[in-house]
Structures are given as C-alpha cells and as structure tokens.
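See structure below.
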Amino acid sequence: MTTIEQEQQLRGCRSVEELEDIAREIRKDIIRLTCHAGCGHTGGSLSQVEIMVALYFGVLRIDPERPDWPARDRFILSKGHATPCYYVTLAKRGYFPESLLDTFDEVGSMLQGHPDMRKTPGVDMSTGSLGQGLSAGIGMALGGQWNGADYWTYVSLGCGELQEGQVWEAAMFAGVRRIPRLIGIIDYNQVQLTGRMGDVLSAEPLVDKLRAFNWQVFECNGHSISELLATLEQAKACSDGPVAVIAHTIKGKGVSFMENQFAWHGKAPNEAEAERALDELSR
C-alpha cells in the first residue's frame, strides 16, 4: 500500500454519494437509539450529522483499531449532549460494534449520556458541561505544537453554547496566541433548549465577533457534505492561528415535525414518532 493509500485509509475517504448514504443511515440510527433508550438529545444530534460524517469519513486522520494512536487528529464534542450522533458515527467508523448502541445511557454502559474518554474508544475528551471543550482543544493543540506533532485539533461547539463565557475566554486566548492547527466548528442551528437564539440571547454578529478575536472564519451549508469537505480543506490551509467554521444547520434536520422545534432539543421520540420519523428518512 502506498503512502497516499495509507493516508486515504486513515481518513476513511469515500465519495460524496457514499458519505450522503452514511449520513442517512446515521440519522435513522439516531432515531432508533433515542427511541430505544427513551432519552437523548435528538434535535441537536440530527443537525450535527453531516459535520460528523465529513470529519470521520473524510477529514480526520484516525485509526479505529488504535484509538490512542499518538499521531491521530483530535476531536472534541464540546456540545457533549449530542452523543446519539457521536456514538453512531464512532460505531459506523469501526471503534466498537454497532450492537452496543442499544446500551446507550444504561447504568454501566460505556456509552453514557455524555462522552467519557475513560470509557468509550475514540472519545478524546469527556464533555457535557457546556463551554469547556474549546479550552481543552487549545491545550491539545498547544501540546502538539510543543511536541513537534502534526495532528489537527477539531472542536465542535453548539450555537447555544456560545453564550458561555468560557468559550470567549478561550477564543481570546487562541486568537492572541495564534494557536495553530485548531479548528472550531459551530453547529449553527440557532435553536437551543428553550427557544430560538434570537429570542433568548443572540450570538450575532458572530462572524465579526470571531474575527475581532483574531480568528479566521469560514461559513458553509452544514448539511452539504461537499461544502463541508471543501470548507474544512480551506480551513486547514490556514496555518497562522485558529480557524472557525460556521456550519449553518437545521435543528432536527430530516424529520419534518422535529425541524426548528426547540421541544426536540432533549427529547426522545416514542415508538409512534420514531416510526413516522424513520418513514420520512427512508423516502
């Protein structure tokens, strides 16, 4: 196997059409998982799907057979409540058997409601208390810089999470120190626990704020895998300091009665709702 072939294997490279098929299956599994468990954050998991597929099947340099491989790219799900999407993605990428998804949020399961780096293969940082992931990502990026490593650190943030002060403390530090190989991806569905961000506490003008903190900023359609892949490649071409990718998404994407509805932020579908959702996702 050539070096290029090895690199492609580590990144899980597939065609956009194949990635779109994977995204559809992940959405179905999110519905099945949350329905089976009777709990879970469904809306924000559905908005995150294409972001995770683009990363885990096209961008991240990882090896599921070696979750602790020192040269791997790092990923932090700062919006740690979106584990249904996270775990389904990890399972499909080969970190653990998909049959374990049925144990989601059970006592003693390695698939807890929020990710635990000591329990789950492929999880680089335990998260759940919103606002902390970017700080941890900065630490990982700095560690790589000091050790002469060439891995990238990716942090996925929720848009409601941007209301946390620690996010902006971290953003200020990263911008001032020009932290390299750090990419923050914002799942910008603009719906949070109790309503739309514009009605609760708007993050706008988000692009201007991030640029004022010395971040380079890109925007894209967060449900277009081709756009995500292209934008993430652009982000990786920026070696001088941190980069933010604002991925415009829809809460509950793919299920008509969940889309843009804050009631589905932390709600699981019952059997009838799951059947309806799966029917829509199968069309």
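Ordered as shown in the structure tokens, chains take letters A, B, and onward, while each chain numbers its residues from 1 and ligands are numbered from 1 in the order shown.
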
Which residues, written as a ChimeraX atom specification, have at least one atom at most 10 Å from region 88-99 of chain A, with only C-alpha atoms counted and residues fewer than 2 positions away on the same chain left out?
/A:12,22-23,25-30,33,49,52-53,55-57,62-67,83-86,101-103,120-123

Please produce a file of those selected residues containing C-alpha atoms, as a PDB file, in the first residue's frame.
ATOM      1  CA  GLY A  12     -11.779   6.893   5.579  1.00  0.00           C
ATOM      2  CA  ILE A  22     -23.825   7.068   5.530  1.00  0.00           C
ATOM      3  CA  ALA A  23     -25.453  10.283   6.776  1.00  0.00           C
ATOM      4  CA  GLU A  25     -28.197   5.717   7.923  1.00  0.00           C
ATOM      5  CA  ILE A  26     -26.798   7.665  10.864  1.00  0.00           C
ATOM      6  CA  ARG A  27     -29.986   9.723  11.061  1.00  0.00           C
ATOM      7  CA  LYS A  28     -32.087   6.560  11.187  1.00  0.00           C
ATOM      8  CA  ASP A  29     -29.869   5.084  13.883  1.00  0.00           C
ATOM      9  CA  ILE A  30     -30.144   8.256  15.972  1.00  0.00           C
ATOM     10  CA  LEU A  33     -31.156   4.774  19.585  1.00  0.00           C
ATOM     11  CA  VAL A  49     -24.858  14.501  11.199  1.00  0.00           C
ATOM     12  CA  MET A  52     -19.594  14.271  11.832  1.00  0.00           C
ATOM     13  CA  VAL A  53     -19.686  12.315   8.576  1.00  0.00           C
ATOM     14  CA  LEU A  55     -14.958  14.656   9.714  1.00  0.00           C
ATOM     15  CA  TYR A  56     -14.905  10.934  10.462  1.00  0.00           C
ATOM     16  CA  PHE A  57     -15.179   9.638   6.912  1.00  0.00           C
ATOM     17  CA  ILE A  62      -7.576   8.392  12.684  1.00  0.00           C
ATOM     18  CA  ASP A  63      -7.267   4.640  13.100  1.00  0.00           C
ATOM     19  CA  PRO A  64     -10.203   2.974  14.911  1.00  0.00           C
ATOM     20  CA  GLU A  65      -8.007  -0.044  15.650  1.00  0.00           C
ATOM     21  CA  ARG A  66      -5.641   2.273  17.514  1.00  0.00           C
ATOM     22  CA  PRO A  67      -7.869   4.812  19.330  1.00  0.00           C
ATOM     23  CA  THR A  83     -23.863  11.785  21.918  1.00  0.00           C
ATOM     24  CA  PRO A  84     -26.515   9.915  19.892  1.00  0.00           C
ATOM     25  CA  CYS A  85     -24.884  11.255  16.720  1.00  0.00           C
ATOM     26  CA  TYR A  86     -21.380  10.890  18.155  1.00  0.00           C
ATOM     27  CA  LEU A 101     -25.707   1.277  20.629  1.00  0.00           C
ATOM     28  CA  ASP A 102     -28.646  -0.476  22.306  1.00  0.00           C
ATOM     29  CA  THR A 103     -26.903   0.101  25.664  1.00  0.00           C
ATOM     30  CA  THR A 120     -15.510   4.989  25.141  1.00  0.00           C
ATOM     31  CA  PRO A 121     -12.942   4.194  22.421  1.00  0.00           C
ATOM     32  CA  GLY A 122     -12.480   7.172  20.115  1.00  0.00           C
ATOM     33  CA  VAL A 123     -13.507   9.833  22.623  1.00  0.00           C
TER      34      VAL A 123
END

Could the residues of region 3-62 of chain A that have an atom at most 9 Å from region 228-250 of chain A be listed as JSON lines, each with its closest atom pair and the distance in Å to one decimal, counting only C-alpha atoms and ordered by chain and ascending residue number?
{"residue": "A:Gly43", "atom": "CA", "partner": "A:Ile250", "partner_atom": "CA", "distance": 8.6}
{"residue": "A:Gly44", "atom": "CA", "partner": "A:Ile250", "partner_atom": "CA", "distance": 8.6}
{"residue": "A:Leu46", "atom": "CA", "partner": "A:Ile250", "partner_atom": "CA", "distance": 8.2}
{"residue": "A:Ser47", "atom": "CA", "partner": "A:Ile250", "partner_atom": "CA", "distance": 5.5}
{"residue": "A:Gln48", "atom": "CA", "partner": "A:Thr249", "partner_atom": "CA", "distance": 7.7}
{"residue": "A:Glu50", "atom": "CA", "partner": "A:Leu228", "partner_atom": "CA", "distance": 8.0}
{"residue": "A:Ile51", "atom": "CA", "partner": "A:Leu228", "partner_atom": "CA", "distance": 7.0}
{"residue": "A:Ala54", "atom": "CA", "partner": "A:Leu229", "partner_atom": "CA", "distance": 6.1}
{"residue": "A:Leu55", "atom": "CA", "partner": "A:Leu229", "partner_atom": "CA", "distance": 8.1}
{"residue": "A:Gly58", "atom": "CA", "partner": "A:Leu229", "partner_atom": "CA", "distance": 7.3}
{"residue": "A:Val59", "atom": "CA", "partner": "A:Leu229", "partner_atom": "CA", "distance": 7.4}

DSSP-assigned alpha helix (DSSP H) members of region 158-273 of chain A, reported as an NGL selection string
:A and (165-177 or 197-200 or 206-212 or 225-236 or 271-273)

Selection above as a file: N, CA and C atoms, as a tab-separated table (two decimals), in the first residue's frame:
chain	number	residue	atom	x	y	z
A	165	GLY	N	-19.41	32.09	28.89
A	165	GLY	CA	-18.27	33.00	28.93
A	165	GLY	C	-16.94	32.33	28.68
A	166	GLN	N	-16.79	31.08	29.11
A	166	GLN	CA	-15.51	30.39	28.93
A	166	GLN	C	-15.16	30.21	27.46
A	167	VAL	N	-16.18	30.10	26.61
A	167	VAL	CA	-15.92	29.98	25.17
A	167	VAL	C	-15.15	31.19	24.69
A	168	TRP	N	-15.57	32.38	25.14
A	168	TRP	CA	-14.94	33.61	24.65
A	168	TRP	C	-13.60	33.88	25.32
A	169	GLU	N	-13.41	33.41	26.55
A	169	GLU	CA	-12.09	33.47	27.16
A	169	GLU	C	-11.11	32.62	26.35
A	170	ALA	N	-11.56	31.42	26.00
A	170	ALA	CA	-10.72	30.52	25.21
A	170	ALA	C	-10.47	31.10	23.82
A	171	ALA	N	-11.51	31.65	23.21
A	171	ALA	CA	-11.36	32.23	21.87
A	171	ALA	C	-10.37	33.39	21.89
A	172	MET	N	-10.43	34.19	22.94
A	172	MET	CA	-9.50	35.32	23.04
A	172	MET	C	-8.06	34.81	23.18
A	173	PHE	N	-7.86	33.81	24.02
A	173	PHE	CA	-6.52	33.25	24.21
A	173	PHE	C	-5.98	32.67	22.91
A	174	ALA	N	-6.82	31.87	22.23
A	174	ALA	CA	-6.36	31.23	20.99
A	174	ALA	C	-6.01	32.25	19.93
A	175	GLY	N	-6.81	33.32	19.86
A	175	GLY	CA	-6.55	34.36	18.86
A	175	GLY	C	-5.30	35.15	19.15
A	176	VAL	N	-5.13	35.52	20.41
A	176	VAL	CA	-3.95	36.31	20.78
A	176	VAL	C	-2.67	35.49	20.60
A	177	ARG	N	-2.72	34.21	20.99
A	177	ARG	CA	-1.54	33.36	20.91
A	177	ARG	C	-1.37	32.70	19.53
A	197	MET	N	-32.32	31.19	19.32
A	197	MET	CA	-31.28	32.02	19.91
A	197	MET	C	-31.61	33.50	19.83
A	198	GLY	N	-32.24	33.91	18.72
A	198	GLY	CA	-32.59	35.32	18.57
A	198	GLY	C	-33.56	35.81	19.63
A	199	ASP	N	-34.33	34.88	20.19
A	199	ASP	CA	-35.29	35.24	21.23
A	199	ASP	C	-34.73	35.06	22.63
A	200	VAL	N	-33.64	34.30	22.74
A	200	VAL	CA	-33.06	34.02	24.05
A	200	VAL	C	-31.83	34.91	24.29
A	206	LEU	N	-21.91	37.14	14.67
A	206	LEU	CA	-20.96	36.10	15.05
A	206	LEU	C	-19.66	36.19	14.26
A	207	VAL	N	-19.75	36.37	12.95
A	207	VAL	CA	-18.54	36.43	12.13
A	207	VAL	C	-17.65	37.58	12.59
A	208	ASP	N	-18.25	38.74	12.80
A	208	ASP	CA	-17.48	39.91	13.23
A	208	ASP	C	-16.83	39.68	14.59
A	209	LYS	N	-17.56	39.02	15.49
A	209	LYS	CA	-17.01	38.77	16.83
A	209	LYS	C	-15.79	37.86	16.75
A	210	LEU	N	-15.91	36.78	15.99
A	210	LEU	CA	-14.80	35.85	15.88
A	210	LEU	C	-13.58	36.50	15.23
A	211	ARG	N	-13.83	37.28	14.19
A	211	ARG	CA	-12.71	37.97	13.55
A	211	ARG	C	-12.07	38.99	14.48
A	212	ALA	N	-12.88	39.62	15.32
A	212	ALA	CA	-12.33	40.56	16.29
A	212	ALA	C	-11.44	39.86	17.32
A	225	ILE	N	-22.35	17.90	2.44
A	225	ILE	CA	-21.07	17.25	2.69
A	225	ILE	C	-19.98	17.80	1.78
A	226	SER	N	-20.32	18.05	0.53
A	226	SER	CA	-19.31	18.59	-0.39
A	226	SER	C	-18.83	19.97	0.07
A	227	GLU	N	-19.75	20.81	0.54
A	227	GLU	CA	-19.36	22.13	1.05
A	227	GLU	C	-18.53	22.00	2.31
A	228	LEU	N	-18.93	21.11	3.20
A	228	LEU	CA	-18.17	20.91	4.44
A	228	LEU	C	-16.75	20.45	4.15
A	229	LEU	N	-16.60	19.48	3.26
A	229	LEU	CA	-15.28	18.98	2.93
A	229	LEU	C	-14.41	20.08	2.33
A	230	ALA	N	-14.99	20.86	1.42
A	230	ALA	CA	-14.23	21.94	0.78
A	230	ALA	C	-13.85	23.01	1.80
A	231	THR	N	-14.79	23.34	2.69
A	231	THR	CA	-14.53	24.39	3.68
A	231	THR	C	-13.48	23.93	4.69
A	232	LEU	N	-13.54	22.69	5.11
A	232	LEU	CA	-12.56	22.18	6.05
A	232	LEU	C	-11.16	22.12	5.43
A	233	GLU	N	-11.10	21.85	4.14
A	233	GLU	CA	-9.81	21.90	3.46
A	233	GLU	C	-9.28	23.33	3.41
A	234	GLN	N	-10.17	24.29	3.18
A	234	GLN	CA	-9.76	25.70	3.21
A	234	GLN	C	-9.25	26.06	4.60
A	235	ALA	N	-9.95	25.58	5.61
A	235	ALA	CA	-9.54	25.88	6.98
A	235	ALA	C	-8.16	25.32	7.28
A	236	LYS	N	-7.87	24.12	6.78
A	236	LYS	CA	-6.57	23.51	7.02
A	236	LYS	C	-5.44	24.21	6.27
A	271	GLU	N	-42.46	5.34	20.26
A	271	GLU	CA	-42.45	4.38	19.16
A	271	GLU	C	-43.21	4.89	17.93
A	272	ALA	N	-44.34	5.53	18.15
A	272	ALA	CA	-45.12	6.05	17.02
A	272	ALA	C	-44.37	7.17	16.31
A	273	GLU	N	-43.75	8.06	17.09
A	273	GLU	CA	-42.98	9.16	16.50
A	273	GLU	C	-41.74	8.63	15.77

Report, in Å with one decimal, the straight-line distance from CA of Gly108 (chain A) to CA of Ala37 (chain A).
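We find that CA of Gly108 (chain A) and CA of Ala37 (chain A) lie 14.0 Å from each other.
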
Excluding Met140 (chain A) and any residue of its chain fewer than 4 positions from it, enumerate the residues within 7 Å of it, using only C-alpha atoms, and give them as JSON, numbers by chain.
{"A": [136, 144, 153]}

Would you mind exporting C-alpha atoms of the selected residues as a short mmCIF file (atom, residue, chain, number, x, y, z; two decimals), in the first residue's frame?
data_model
loop_
_atom_site.label_atom_id
_atom_site.label_comp_id
_atom_site.auth_asym_id
_atom_site.auth_seq_id
_atom_site.Cartn_x
_atom_site.Cartn_y
_atom_site.Cartn_z
CA ALA A 136 -9.39 21.56 26.17
CA GLY A 144 1.05 19.08 19.62
CA THR A 153 -7.46 19.51 16.73
#

I want to know what sits within 7 Å of Met125 (chain A), based on only C-alpha atoms, with residues of the same chain fewer than 3 positions away left out; could you give that as a CSV table (one decimal) with N, CA and C atoms, in the first residue's frame?
chain,number,residue,atom,x,y,z
A,76,ILE,N,-13.1,17.0,19.7
A,76,ILE,CA,-13.8,17.2,20.9
A,76,ILE,C,-15.2,17.6,20.6
A,116,ASP,N,-17.4,10.0,27.7
A,116,ASP,CA,-16.4,9.7,28.7
A,116,ASP,C,-15.2,9.2,28.1
A,117,MET,N,-14.1,9.9,28.1
A,117,MET,CA,-12.9,9.5,27.5
A,117,MET,C,-12.2,8.2,28.1

Pick from A:Arg283, A:Cys159, A:Cys220, A:Arg178: nearest to Ala203 (chain A), with only C-alpha atoms counted?
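Closest residue, counting only C-alpha atoms: A:Cys159.
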
Which neighbours of Gly40 (chain A) fall inside 10 Å, counting only C-alpha atoms, when residues of the same chain fewer than 4 positions from it are skipped, and could you give them as a list in words?
Ile30, Ile31, Leu33, Thr34, Cys35, His36, Gly44, Ser45, His81, Ala82, Thr83, Pro84, Phe104, Asp105, Gly113, His114, Trp264, His265, Gly266, Lys267, Ala268 and Pro269 of chain A
